[in-house]
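Colleague: I am sharing coords17.txt, which consists of compact mmCIF, C-alpha atoms and all ligand atoms:
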# COMPACT_ATOMS: atom_id res chain seq x y z
CA MET A 218 0.00 0.00 0.00
CA VAL A 219 1.22 3.48 -0.82
CA LEU A 220 1.45 5.76 2.19
CA PRO A 221 -0.64 8.94 2.35
CA LEU A 222 1.28 12.02 1.41
CA SER A 223 -0.22 14.53 3.79
CA SER A 224 3.02 15.00 5.70
CA ALA A 225 5.16 15.02 2.60
CA ASN A 226 2.99 17.82 1.29
CA SER A 227 2.77 19.63 4.59
CA SER A 228 4.28 22.90 3.45
CA ARG A 229 1.33 23.36 1.12
CA ARG A 230 -1.63 21.89 3.01
CA PRO A 231 -2.44 22.00 6.74
CA SER A 232 -2.10 18.61 8.41
CA PRO A 233 -4.54 17.35 11.05
CA LEU A 234 -1.54 15.74 12.73
CA ARG A 235 -0.04 19.08 13.70
CA PRO A 236 -1.27 21.19 16.59
CA ASN A 237 -1.80 24.87 15.77
CA SER A 238 1.25 25.77 17.79
CA TYR A 239 3.47 23.55 15.63
CA ASP A 240 5.57 26.40 14.29
CA PRO A 241 5.44 29.03 17.00
CA VAL A 242 8.77 30.67 16.29
CA ALA A 243 8.69 33.26 13.57
CA PRO A 244 11.77 33.59 11.37
CA MET A 245 14.21 35.92 13.06
CA ASP A 246 16.46 38.55 11.70
CA ASP A 247 20.19 37.88 11.87
CA GLU A 248 20.69 41.05 13.93
CA VAL A 249 18.15 40.21 16.60
CA HIS A 250 18.66 36.48 17.13
CA PRO A 251 19.88 36.26 20.71
CA VAL A 252 22.16 33.24 20.28
CA ILE A 253 23.65 33.52 16.82
CA HIS A 254 24.81 36.91 17.83
CA HIS A 255 27.91 39.05 17.98
CA GLY A 256 29.75 38.56 21.28
CA ARG A 257 28.22 35.19 22.16
CA VAL A 258 30.36 32.04 22.39
CA ALA A 259 30.39 29.02 20.06
CA VAL A 260 32.05 25.69 20.90
CA ILE A 261 32.55 23.37 17.94
CA THR A 262 33.89 19.81 18.01
CA GLY A 263 35.32 18.29 14.84
CA ALA A 264 36.34 21.78 13.70
CA ALA A 265 39.51 20.77 11.86
CA SER A 266 37.59 19.92 8.72
CA GLY A 267 34.32 20.04 6.79
CA ILE A 268 31.14 21.23 8.46
CA GLY A 269 32.82 22.02 11.79
CA ARG A 270 35.46 24.16 10.13
CA ALA A 271 32.85 25.97 8.02
CA ALA A 272 30.73 26.58 11.14
CA ALA A 273 33.70 28.10 12.96
CA ILE A 274 34.33 30.46 10.05
CA GLU A 275 30.68 31.44 9.51
CA LEU A 276 30.04 32.04 13.23
CA ALA A 277 33.27 34.04 13.49
CA LYS A 278 32.05 36.23 10.61
CA ILE A 279 28.91 36.98 12.66
CA GLY A 280 31.19 37.99 15.54
CA LEU A 281 30.91 35.09 17.97
CA LYS A 282 33.90 34.06 20.06
CA ILE A 283 34.97 30.61 18.91
CA ALA A 284 36.33 27.56 20.73
CA ILE A 285 37.41 24.81 18.35
CA ALA A 286 38.30 21.22 19.23
CA ASP A 287 39.43 18.22 17.20
CA VAL A 288 41.79 15.23 17.38
CA ASP A 289 43.46 16.35 14.17
CA GLU A 290 45.89 18.97 15.51
CA GLN A 291 47.25 19.97 12.15
CA GLY A 292 43.80 20.54 10.67
CA LEU A 293 42.72 22.32 13.85
CA ASN A 294 45.63 24.74 13.62
CA ALA A 295 44.76 25.47 10.00
CA THR A 296 41.15 26.29 11.00
CA ALA A 297 42.48 28.38 13.90
CA LYS A 298 44.54 30.51 11.52
CA GLU A 299 41.51 31.25 9.36
CA VAL A 300 39.25 32.00 12.33
CA ALA A 301 41.86 34.22 14.01
CA GLN A 302 42.05 36.33 10.87
CA ILE A 303 38.32 37.01 11.22
CA ILE A 304 37.92 37.58 14.96
CA GLY A 305 41.45 37.86 16.37
CA GLU A 306 43.45 35.53 18.61
CA GLU A 307 41.84 36.92 21.77
CA ASN A 308 38.43 35.63 20.69
CA LEU A 309 39.61 32.13 19.85
CA ILE A 310 40.34 29.01 21.89
CA THR A 311 42.01 26.14 20.06
CA LEU A 312 42.21 22.93 22.02
CA PRO A 313 43.17 19.50 20.65
CA THR A 314 40.45 17.27 22.08
CA ASP A 315 39.36 13.70 21.63
CA VAL A 316 35.60 13.78 22.31
CA ALA A 317 35.71 10.08 23.21
CA GLN A 318 37.81 11.01 26.30
CA LEU A 319 35.64 12.55 29.02
CA ASP A 320 38.57 14.25 30.78
CA GLN A 321 39.57 16.02 27.56
CA VAL A 322 36.00 17.27 27.04
CA GLU A 323 35.93 18.51 30.66
CA ARG A 324 39.19 20.37 30.02
CA LEU A 325 37.57 22.02 26.99
CA ARG A 326 34.55 23.10 29.07
CA ASP A 327 36.80 24.49 31.83
CA ARG A 328 38.90 26.48 29.35
CA VAL A 329 35.82 28.00 27.74
CA TYR A 330 34.02 28.90 30.99
CA GLU A 331 37.20 30.28 32.57
CA ALA A 332 37.79 32.51 29.55
CA TRP A 333 34.28 33.61 28.66
CA GLY A 334 31.84 32.34 31.31
CA GLU A 335 29.19 31.07 28.93
CA VAL A 336 28.36 29.03 25.83
CA GLY A 337 25.73 30.23 23.35
CA VAL A 338 26.15 27.67 20.56
CA LEU A 339 27.41 24.14 21.26
CA MET A 340 28.01 22.14 18.08
CA ASN A 341 28.44 18.45 18.83
CA ASN A 342 29.77 17.68 15.37
CA ALA A 343 32.82 15.35 15.50
CA ALA A 344 32.34 11.92 13.94
CA ILE A 345 34.06 9.15 12.01
CA ALA A 346 32.66 6.78 9.41
CA PRO A 347 34.87 3.71 9.03
CA LYS A 348 33.29 0.99 6.90
CA GLY A 349 32.28 -2.39 8.33
CA THR A 350 29.62 -5.05 8.29
CA SER A 351 27.04 -6.21 10.84
CA TRP A 352 28.97 -9.26 12.07
CA GLU A 353 32.62 -8.33 11.54
CA GLY A 354 35.04 -5.80 12.97
CA LEU A 355 33.84 -5.53 16.56
CA ASP A 356 36.77 -3.19 17.32
CA ASN A 357 35.50 -0.91 14.62
CA TRP A 358 32.00 -0.91 16.16
CA HIS A 359 33.47 0.08 19.52
CA LYS A 360 35.56 2.81 17.93
CA VAL A 361 32.72 4.40 15.98
CA PHE A 362 30.34 4.23 18.98
CA ASN A 363 33.00 5.75 21.24
CA VAL A 364 33.32 8.79 18.97
CA ASN A 365 29.91 9.24 17.34
CA LEU A 366 27.70 8.31 20.29
CA PHE A 367 29.75 8.48 23.49
CA GLY A 368 31.64 11.52 22.17
CA VAL A 369 28.32 13.31 21.70
CA LEU A 370 27.19 12.17 25.14
CA ASN A 371 30.45 13.26 26.76
CA VAL A 372 29.99 16.74 25.34
CA GLN A 373 26.30 16.85 26.23
CA HIS A 374 26.85 15.65 29.82
CA THR A 375 29.78 18.00 30.34
CA PHE A 376 28.33 21.22 28.94
CA VAL A 377 24.54 21.03 29.44
CA PRO A 378 24.57 21.30 33.26
CA ASN A 379 26.53 24.58 32.96
CA MET A 380 24.41 25.89 30.08
CA LEU A 381 21.25 25.25 32.11
CA HIS A 382 22.35 27.85 34.63
CA GLN A 383 22.97 30.58 32.08
CA GLU A 384 20.56 33.47 31.91
CA ASN A 385 20.97 34.06 28.20
CA PRO A 386 19.37 31.58 25.79
CA SER A 387 21.62 29.01 24.17
CA VAL A 388 21.47 26.10 21.73
CA ILE A 389 23.01 22.65 21.47
CA ILE A 390 23.22 21.23 17.96
CA ASN A 391 23.91 17.51 17.70
CA THR A 392 24.84 16.23 14.25
CA GLY A 393 22.93 13.21 13.04
CA SER A 394 22.64 11.87 9.52
CA LYS A 395 20.00 10.75 7.04
CA GLN A 396 21.72 7.37 7.48
CA GLY A 397 20.46 7.41 11.06
CA ILE A 398 16.88 7.88 9.81
CA THR A 399 16.52 5.82 6.63
CA ASN A 400 19.33 3.35 7.44
CA PRO A 401 20.73 2.62 3.95
CA PRO A 402 22.82 -0.55 3.55
CA GLY A 403 26.62 -0.28 3.52
CA ASN A 404 27.71 1.16 6.85
CA PRO A 405 25.69 -0.35 9.70
CA ALA A 406 27.89 0.86 12.57
CA TYR A 407 27.80 4.50 11.44
CA ASN A 408 24.04 4.26 10.82
CA ALA A 409 23.44 2.80 14.27
CA THR A 410 25.39 5.62 15.96
CA LYS A 411 23.49 8.25 14.04
CA ALA A 412 20.14 6.61 14.83
CA ALA A 413 21.19 6.75 18.49
CA VAL A 414 22.14 10.44 18.15
CA LYS A 415 18.69 11.17 16.71
CA SER A 416 17.06 9.35 19.61
CA LEU A 417 19.13 10.98 22.34
CA THR A 418 18.73 14.45 20.84
CA GLU A 419 14.94 14.03 20.67
CA SER A 420 14.97 13.03 24.34
CA LEU A 421 17.22 15.95 25.21
CA ALA A 422 14.87 18.39 23.45
CA HIS A 423 11.91 17.02 25.38
CA GLU A 424 13.71 17.08 28.73
CA LEU A 425 14.86 20.68 28.19
CA ARG A 426 11.33 21.71 27.20
CA GLU A 427 10.04 20.21 30.45
CA THR A 428 12.74 21.85 32.62
CA PRO A 429 11.31 25.18 33.77
CA GLN A 430 14.60 27.03 34.28
CA ALA A 431 16.14 25.82 31.01
CA ASN A 432 16.83 28.59 28.54
CA LEU A 433 18.46 26.05 26.24
CA THR A 434 17.08 24.30 23.15
CA ALA A 435 18.36 21.21 21.35
CA HIS A 436 18.53 20.82 17.57
CA LEU A 437 19.31 17.86 15.33
CA LEU A 438 21.42 18.77 12.30
CA VAL A 439 21.00 16.25 9.49
CA PRO A 440 23.32 17.29 6.67
CA GLY A 441 22.61 16.32 3.10
CA TRP A 442 25.47 15.15 0.93
CA THR A 443 28.17 17.65 1.88
CA TRP A 444 31.65 17.74 0.35
CA THR A 445 33.97 17.31 3.34
CA GLY A 446 36.85 15.19 4.57
CA MET A 447 34.40 12.41 5.34
CA THR A 448 32.98 12.28 1.81
CA GLY A 449 36.16 12.63 -0.22
CA ALA A 450 37.26 16.25 -0.11
CA ALA A 451 40.35 15.34 1.93
CA ALA A 452 41.76 13.52 -1.08
CA GLY A 453 41.76 16.86 -2.92
CA LYS A 454 39.17 15.79 -5.48
CA GLU A 455 36.81 18.31 -7.05
CA LYS A 456 33.35 18.64 -5.47
CA PRO A 457 30.77 16.59 -7.39
CA PRO A 458 27.88 18.75 -8.62
CA GLY A 459 25.37 16.84 -6.46
CA ALA A 460 27.02 17.72 -3.16
CA TRP A 461 26.67 20.92 -1.17
CA THR A 462 29.70 22.74 0.15
CA ALA A 463 30.17 22.72 3.92
CA GLU A 464 29.42 26.47 3.91
CA GLU A 465 26.03 25.87 2.24
CA THR A 466 25.14 23.28 4.87
CA VAL A 467 26.19 25.59 7.71
CA LEU A 468 24.26 28.59 6.34
CA TYR A 469 21.15 26.42 5.95
CA MET A 470 21.60 25.16 9.51
CA LEU A 471 21.95 28.68 10.92
CA ASP A 472 18.73 29.78 9.21
CA LYS A 473 16.83 26.83 10.68
CA VAL A 474 18.25 27.41 14.17
CA ARG A 475 17.15 31.05 13.89
CA GLN A 476 13.66 29.78 13.04
CA GLY A 477 13.67 27.52 16.12
CA LYS A 478 13.50 24.26 14.13
CA PHE A 479 14.45 21.03 15.87
CA TYR A 480 14.88 18.83 12.79
CA ILE A 481 17.29 20.48 10.38
CA ILE A 482 17.16 18.16 7.39
CA CYS A 483 19.42 19.69 4.78
CA PRO A 484 18.87 19.10 1.08
CA ASP A 485 21.72 19.03 -1.42
CA ASN A 486 22.00 19.53 -5.18
CA GLU A 487 20.89 15.95 -5.82
CA THR A 488 18.15 15.35 -3.25
CA ARG A 489 15.47 17.91 -2.69
CA ARG A 490 13.46 18.20 0.49
CA GLU A 491 10.38 16.44 -0.90
CA VAL A 492 12.42 13.37 -1.89
CA ASP A 493 13.84 13.18 1.63
CA GLN A 494 10.34 13.44 3.07
CA LEU A 495 9.11 10.57 0.89
CA ARG A 496 12.12 8.40 1.75
CA ILE A 497 11.57 9.03 5.48
CA MET A 498 7.85 8.24 5.17
CA TRP A 499 8.62 5.04 3.28
CA GLY A 500 11.09 3.93 5.96
CA ALA A 501 8.51 4.56 8.71
CA GLY A 502 6.04 2.59 6.55
CA ASP A 503 8.26 -0.51 6.79
CA VAL A 504 7.55 -0.59 10.51
CA ALA A 505 3.94 0.57 10.41
CA GLU A 506 2.90 -1.75 7.59
CA GLY A 507 5.08 -4.75 8.41
CA ARG A 508 7.15 -4.76 5.24
CA PRO A 509 10.60 -6.45 5.26
CA ALA A 510 13.46 -4.49 6.83
CA LEU A 511 14.94 -1.86 4.50
CA SER A 512 12.33 -2.67 1.86
CA ARG A 513 13.52 0.31 -0.20
CA TRP A 514 16.51 -1.84 -1.17
CA HIS A 515 14.60 -5.18 -1.33
CA ARG A 516 14.28 -6.58 -4.81
CA ASP A 517 10.54 -7.26 -4.40
CA TYR A 518 9.79 -3.72 -3.23
CA LYS A 519 12.22 -1.58 -5.23
CA ALA A 520 9.75 -0.90 -8.03
CA LEU A 521 6.96 -0.14 -5.57
CA PHE A 522 9.19 2.33 -3.75
CA GLU A 523 10.13 4.04 -7.00
CA GLU A 524 6.46 4.31 -7.95
CA TYR A 525 5.69 5.74 -4.49
CA VAL A 526 8.27 8.48 -4.94
CA LYS A 527 7.09 9.23 -8.48
CA ASP A 528 3.45 9.45 -7.34
CA GLY A 529 4.41 11.57 -4.36
CA LEU A 530 6.39 14.03 -6.43
CA GLY A 531 3.65 14.06 -9.05
CA GLN A 532 1.13 15.17 -6.44
CA LEU A 533 3.42 18.00 -5.41
CA ASP A 534 4.20 19.32 -8.90
N1 LIG B 1 29.57 15.21 4.87
C1 LIG B 1 28.38 14.65 4.80
O1 LIG B 1 27.84 14.40 3.69
C2 LIG B 1 27.64 14.33 6.06
C3 LIG B 1 26.35 13.79 5.94
C4 LIG B 1 25.66 13.49 7.09
C5 LIG B 1 26.23 13.73 8.33
N2 LIG B 1 27.49 14.23 8.42
C6 LIG B 1 28.02 14.49 9.76
O2 LIG B 1 28.54 15.81 9.82
C7 LIG B 1 29.53 15.87 10.85
C8 LIG B 1 30.76 16.56 10.32
O3 LIG B 1 31.38 15.68 9.40
P1 LIG B 1 32.10 16.22 8.08
O4 LIG B 1 31.32 15.74 6.94
O5 LIG B 1 32.41 17.65 8.21
O6 LIG B 1 33.41 15.29 8.13
P2 LIG B 1 34.94 15.64 8.35
O7 LIG B 1 35.63 14.33 8.38
O8 LIG B 1 35.37 16.64 7.35
O9 LIG B 1 34.96 16.30 9.81
C9 LIG B 1 34.83 15.55 10.97
C10 LIG B 1 35.86 16.03 11.98
O10 LIG B 1 35.71 15.30 13.20
C11 LIG B 1 37.02 15.07 13.71
N3 LIG B 1 37.04 13.96 14.67
C12 LIG B 1 36.99 12.61 14.41
N4 LIG B 1 37.09 11.93 15.55
C13 LIG B 1 37.19 12.84 16.55
C14 LIG B 1 37.32 12.73 17.96
N5 LIG B 1 37.38 11.53 18.56
N6 LIG B 1 37.39 13.86 18.69
C15 LIG B 1 37.36 15.08 18.08
N7 LIG B 1 37.26 15.24 16.76
C16 LIG B 1 37.17 14.13 16.00
C17 LIG B 1 37.85 14.76 12.48
O11 LIG B 1 39.24 14.88 12.75
C18 LIG B 1 37.31 15.78 11.50
O12 LIG B 1 38.05 16.98 11.55
C19 LIG B 1 29.73 14.44 11.33
O13 LIG B 1 28.97 14.24 12.50
C20 LIG B 1 29.17 13.62 10.19
O14 LIG B 1 28.75 12.34 10.62
C21 LIG B 1 28.21 14.54 7.32
Represent the structure contained in this file as structure tokens.
Ligand SMILES: NC(=O)c1ccc[n+]([C@@H]2O[C@H](COP(=O)([O-])OP(=O)(O)OC[C@H]3O[C@@H](n4cnc5c(N)ncnc54)[C@H](O)[C@@H]3O)[C@@H](O)[C@H]2O)c1

Modeller:
Amino acid sequence: MVLPLSSANSSRRPSPLRPNSYDPVAPMDDEVHPVIHHGRVAVITGAASGIGRAAAIELAKIGLKIAIADVDEQGLNATAKEVAQIIGEENLITLPTDVAQLDQVERLRDRVYEAWGEVGVLMNNAAIAPKGTSWEGLDNWHKVFNVNLFGVLNVQHTFVPNMLHQENPSVIINTGSKQGITNPPGNPAYNATKAAVKSLTESLAHELRETPQANLTAHLLVPGWTWTGMTGAAAGKEKPPGAWTAEETVLYMLDKVRQGKFYIICPDNETRREVDQLRIMWGAGDVAEGRPALSRWHRDYKALFEEYVKDGLGQLD
């Protein structure tokens, strides 16, 4: 059975599944947004490369003070040079940090609070994506969970208690992946960590919403295909036309944070928003309708899935 498209078409038609208060935060002007704001503080993990590096540069251009952390010291120093040119050495903290090591994350927090006394934007962005299969390479599974899940948790557990006591509003942005939502075959360990990051960030958002004194919101960044170290840029190859640059992804993310969005599902030059919506709906349909796991890639369902997307897009056009 083909799933209804009401949600996929939600930007055009009201959905009975959404309360009226679904989108209470009006788009905000760059100048007036209280967090993405000149003089506030941004902490970014995984800032030696890709999206983290681009975030450090874009936030520095807006005038935030920047603390950058990464295991790759050489890459981190290169980012530091670029950021210092924008905001000056005095507004920059550069600290080699392995997010999988709690004591190193605590050291990062202490440095930032000693220097500036607050955090406005916390980007929990560092990750790795080594390949593996479901029943081989247990060491690899531990490694990727230690960085992508426990690294995110280390940062969250270390910074959130401090951020909760700040008067000014602040945001924590955890980086997930479409692979943590639609679970494509090929990299099960990475997918599982990103599914866990989605789950824990949803819980975090709920818990913060229910904490009366919290002036802190959580956001889940889900990049589209972005040309970074992780996807091939490190090898010095030219960006494929289908991918976004890291800057495009960061600018899209900043707009959505300004609008108060929790799910920040980025498109790219190959996959538009509506296609993502249909893929997500299809994946949820596997569970709801009892189809085989990952039916999108199952030989008996492939044609049905393609027809579903074609129909869905046809209804939108
Ligand atoms: N590029 C994409 O298409 C894409 C798509 C979906 C999600 N993501 C996510 O975006 C985030 C940023 O990735 P990217 O694409 O910019 O990749 P990237 O490889 O360019 O950057 C990731 C950075 O994390 C750092 N890092 C790795 N392990 C670390 C550790 N233990 N402690 C601290 N830093 C560590 C790396 O050294 C690197 O600088 C990741 O969470 C990734 O999973 C990327």

Colleague: Give me, as a Markdown table, the closest atom pair and its distance (Å, one decimal) for every residue of stretch 313-358 of chain A within a cut-off of 10 Å of stretch 442-450 of chain A, counting only C-alpha atoms, rows sorted by chain and rising number.

Modeller:
| residue | atom | partner | partner_atom | distance |
| --- | --- | --- | --- | --- |
| A:Ala344 | CA | A:Met447 | CA | 8.9 |
| A:Ile345 | CA | A:Met447 | CA | 7.4 |
| A:Ala346 | CA | A:Met447 | CA | 7.2 |
| A:Pro347 | CA | A:Met447 | CA | 9.5 |

Colleague: With only C-alpha atoms as the counted atoms, please give the residues lying no more than 12 Å from A:Gln302, apart from itself and same-chain residues fewer than 6 positions off, as a PyMOL selection string.

Modeller: chain A and resi 273-274+277-278+280+295-296+308-309

Colleague: A:Leu438: which residues within 8 Å, counting only C-alpha atoms, same-chain residues fewer than 3 positions away excluded, as a ChimeraX atom specification?

Modeller: /A:390-394,470,480-483

Colleague: Since we have the selection now, will you write its residues out, keeping C-alpha atoms, as a PDB file, in the coordinates of the input?

Modeller:
ATOM      1  CA  ILE A 390      23.220  21.230  17.960  1.00  0.00           C
ATOM      2  CA  ASN A 391      23.910  17.510  17.700  1.00  0.00           C
ATOM      3  CA  THR A 392      24.840  16.230  14.250  1.00  0.00           C
ATOM      4  CA  GLY A 393      22.930  13.210  13.040  1.00  0.00           C
ATOM      5  CA  SER A 394      22.640  11.870   9.520  1.00  0.00           C
ATOM      6  CA  MET A 470      21.600  25.160   9.510  1.00  0.00           C
ATOM      7  CA  TYR A 480      14.880  18.830  12.790  1.00  0.00           C
ATOM      8  CA  ILE A 481      17.290  20.480  10.380  1.00  0.00           C
ATOM      9  CA  ILE A 482      17.160  18.160   7.390  1.00  0.00           C
ATOM     10  CA  CYS A 483      19.420  19.690   4.780  1.00  0.00           C
TER      11      CYS A 483
END

Colleague: Quick one: distance from atom C1 of ligand LIG 1 (chain B) to atom CA of A:Gln291 in Å, one decimal?

Modeller: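 One can read the atom C1 of ligand LIG 1 (chain B) to atom CA of A:Gln291 distance as 20.9 Å.
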
Colleague: Using all atoms listed in the file, which residue out of A:Pro458, A:Gly507, A:Gly349, A:Gly292 lies closest to A:Arg270?

Modeller: A:Gly292

Colleague: Give me the residues near stretch 365-377 of chain A as a PyMOL selection string, where near means some atom within 9 Å (using all atoms listed in the file) and where sequence neighbours in that chain fewer than 4 positions away do not count.

Modeller: chain A and resi 262+315-319+322-323+326+336+339+341-346+360-361+381-382+389+391-392+407+410-411+413-414+417+433

Colleague: For A:Lys348, list every protein, DNA or RNA residue within 8 Å, evaluated using all atoms listed in the file, and leave out those in the same chain fewer than 5 positions away; present the list as a ChimeraX atom specification.

Modeller: /A:403-404,406-407

Colleague: Which residue, A:Leu293, A:Asn408, A:Pro484, A:Val329, has the smallest gap to A:Ser351 when you use all atoms listed in the file?

Modeller: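 Among the listed residues, A:Asn408 lies closest to A:Ser351.
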
Colleague: Taking all atoms listed in the file into account, which of A:Arg516, A:His254, A:Lys456, A:Lys395 comes nearest ligand LIG 1 (chain B)?

Modeller: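 Comparing A:Arg516, A:His254, A:Lys456, A:Lys395 against ligand LIG 1 (chain B), the winner is A:Lys395.
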
Colleague: Go ahead and fit an axis-aligned box to every listed atom of stretch 480-497 of chain A plus 4 Å each side, and pass me the centre and edge lengths in Å, one decimal, as JSON.

Modeller:
{"center_x": 15.6, "center_y": 14.4, "center_z": 3.5, "size_x": 20.9, "size_y": 20.1, "size_z": 26.6}

Colleague: A:Glu427, A:Asp327, A:Glu487, A:Glu506: which is nearest ligand LIG 1 (chain B), counting all atoms listed in the file?

Modeller: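 For ligand LIG 1 (chain B), the nearest of the given residues is A:Glu487.
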
Colleague: Using only C-alpha atoms and all ligand atoms for the distances, tell me which of A:Gly477, A:Pro440, A:Gly453, A:Pro378 is nearest to ligand LIG 1 (chain B).

Modeller: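 Distance minimum relative to ligand LIG 1 (chain B) lands on A:Pro440.
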
Colleague: Out of A:Ile283, A:Ile261, A:Ala510, A:Val474, which residue has the shortest atom-to-atom distance to ligand LIG 1 (chain B) when counting all atoms listed in the file?

Modeller: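 The shortest atom-to-atom distance to ligand LIG 1 (chain B) comes from A:Ile261.
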
Colleague: Name all residues at most 12 Å from A:Glu384 (count all atoms listed in the file; drop same-chain ones fewer than 3 positions away) and give them as a PyMOL selection string.

Modeller: chain A and resi 251-252+334-337+379-381+387+430-433

Colleague: Generate the output file for the selected residues, C-alpha atoms, as a short mmCIF file (atom, residue, chain, number, x, y, z; two decimals), keeping the file's coordinate frame.

Modeller:
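Output file part_26.cif follows:
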data_model
loop_
_atom_site.label_atom_id
_atom_site.label_comp_id
_atom_site.auth_asym_id
_atom_site.auth_seq_id
_atom_site.Cartn_x
_atom_site.Cartn_y
_atom_site.Cartn_z
CA PRO A 251 19.88 36.26 20.71
CA VAL A 252 22.16 33.24 20.28
CA GLY A 334 31.84 32.34 31.31
CA GLU A 335 29.19 31.07 28.93
CA VAL A 336 28.36 29.03 25.83
CA GLY A 337 25.73 30.23 23.35
CA ASN A 379 26.53 24.58 32.96
CA MET A 380 24.41 25.89 30.08
CA LEU A 381 21.25 25.25 32.11
CA SER A 387 21.62 29.01 24.17
CA GLN A 430 14.60 27.03 34.28
CA ALA A 431 16.14 25.82 31.01
CA ASN A 432 16.83 28.59 28.54
CA LEU A 433 18.46 26.05 26.24
#

Colleague: What's the separation between atom CA of A:Arg475 and atom CA of A:Met498, in Å to one decimal place?

Modeller: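 The value is 26.1 Å.
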
Colleague: Mind pulling up the distance from atom CA of A:Ala409 to atom CA of A:Gln494?

Modeller: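 About the pair atom CA of A:Gln494 and atom CA of A:Ala409: they are 20.3 Å apart.
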